[in-house]
Amino acid sequence: MERTIVGIRFQKIGKLYHFDATREPDLVPGDFAVVETSRGIQLGQVMGIIADPPRPPKGTWKHIKRKATAQDLIIRQSLEQREVELMVAARAAASDKGYQGLKIVKAEFSFDGGTVALLYNTEDEGEPNLGKLRAALKQEYPDLNVEFRRVGPRDVAKILGGMGACGLASRCCSTFLTEFSPISIKMAKAQGISLDPAEITGMCGRLRCCLIYEYEQYVEARKILPKRGKKVVTPMGEGVVLDSIPLKDSVIVRLNDEQGTRAEFLKHELEPWDELEALRRKSEGACDRHEGGGCTCGKADAEAKTQGGEPPETDD
């Protein structure tokens, strides 16, 4: 029997998790479903049918328990309201107990309402001792199982939202990024971006996620463009490459004239100086293969190319 695998998301802009929906053939994208996860029973939204799903991490995919009912959605709204209440209470308790630098950014209830996970971040590298905070919350909410889950600075920015460093009304991580990719200074260098921290650092204090968006295009473009310092022949004469503009497929060249003119040329307008120089030297040398007759070797081709013409036709 062919399985039906669907992608389910538990947060508005969150990672997709795969589940087996074979037993629920009526599920369509947009529906909500109740599933069992490593963190208990959860309610998530079906985002789509996975045509070619990857291998399941542990043997097989978990089955969807059932399609969500109207009552389930009401329970979900109620839990979301309680999440705000728990987050505010946890922040107040953390302040009362003297936890400096502890930032509680969100509370997440399991669908059965018995467990709440408090997502937090702290500037300290080590794990903080949250025993006092746990005890204070347990005293206020004795029926709840309280868990603490540390998240990174990028996750904090994603949860809190707000204006991006670029000036857009919302941050990329809060708008469409479901996962964070590794970002490095090399990506900024490859694109010729200023390494000023104010230019490449996001609101989370880490390198901006957008540095990866065009990185591959820059890398591929630079592979086919002449590098800086390379001698080239342009329609305006010989010169040296000063810089490249990868997304325009062009380079800036300083010409070998008296004024040292700088001009921009597209890649197809350039010829490599060293190759043309090699052809010129070959054309000036004697042909040791066709001394007494017409030359049919590369010497004739070289002469034609260095003079801007076409190679001579030869009889087969």
# chains A, B, ... in the order shown; residues from 1 in each chain; ligands from 1

call {"tool": "select_by_dssp", "arguments": {"residues": "segment 136-212 of chain A", "states": "alpha helix (DSSP H)", "output": "PyMOL selection string"}}
result
chain A and resi 136-140+153-160+172-175+185-190+197-200

call {"tool": "select_by_dssp", "arguments": {"residues": "segment 96-300 of chain A", "states": "strand (DSSP E or B)", "output": "number ranges by chain"}}
result
A: 102-109, 115-122, 145-150, 201, 207, 231-234, 237-245, 250-255, 262-266, 271-272

call {"tool": "residues_around", "arguments": {"residues": "segment 27-40 of chain A", "least_positions_apart": "5", "cutoff": "7 Å", "atoms": "only C-alpha atoms", "output": "number ranges by chain"}}
result
A: 45-48, 64-68, 110

call {"tool": "closest_residue", "arguments": {"among": "A:Pro25, A:Gly44, A:Gly114, A:Pro128", "to": "Ile8 of chain A", "atoms": "only C-alpha atoms"}}
result
A:Gly44

call {"tool": "residues_around", "arguments": {"residues": "segment 156-165 of chain A", "least_positions_apart": "4", "cutoff": "9 Å", "atoms": "only C-alpha atoms", "output": "MDAnalysis selection string"}}
result
chainID A and resid 13 105:106 119:121 151:152 169:175 177 198:199 201:204 208
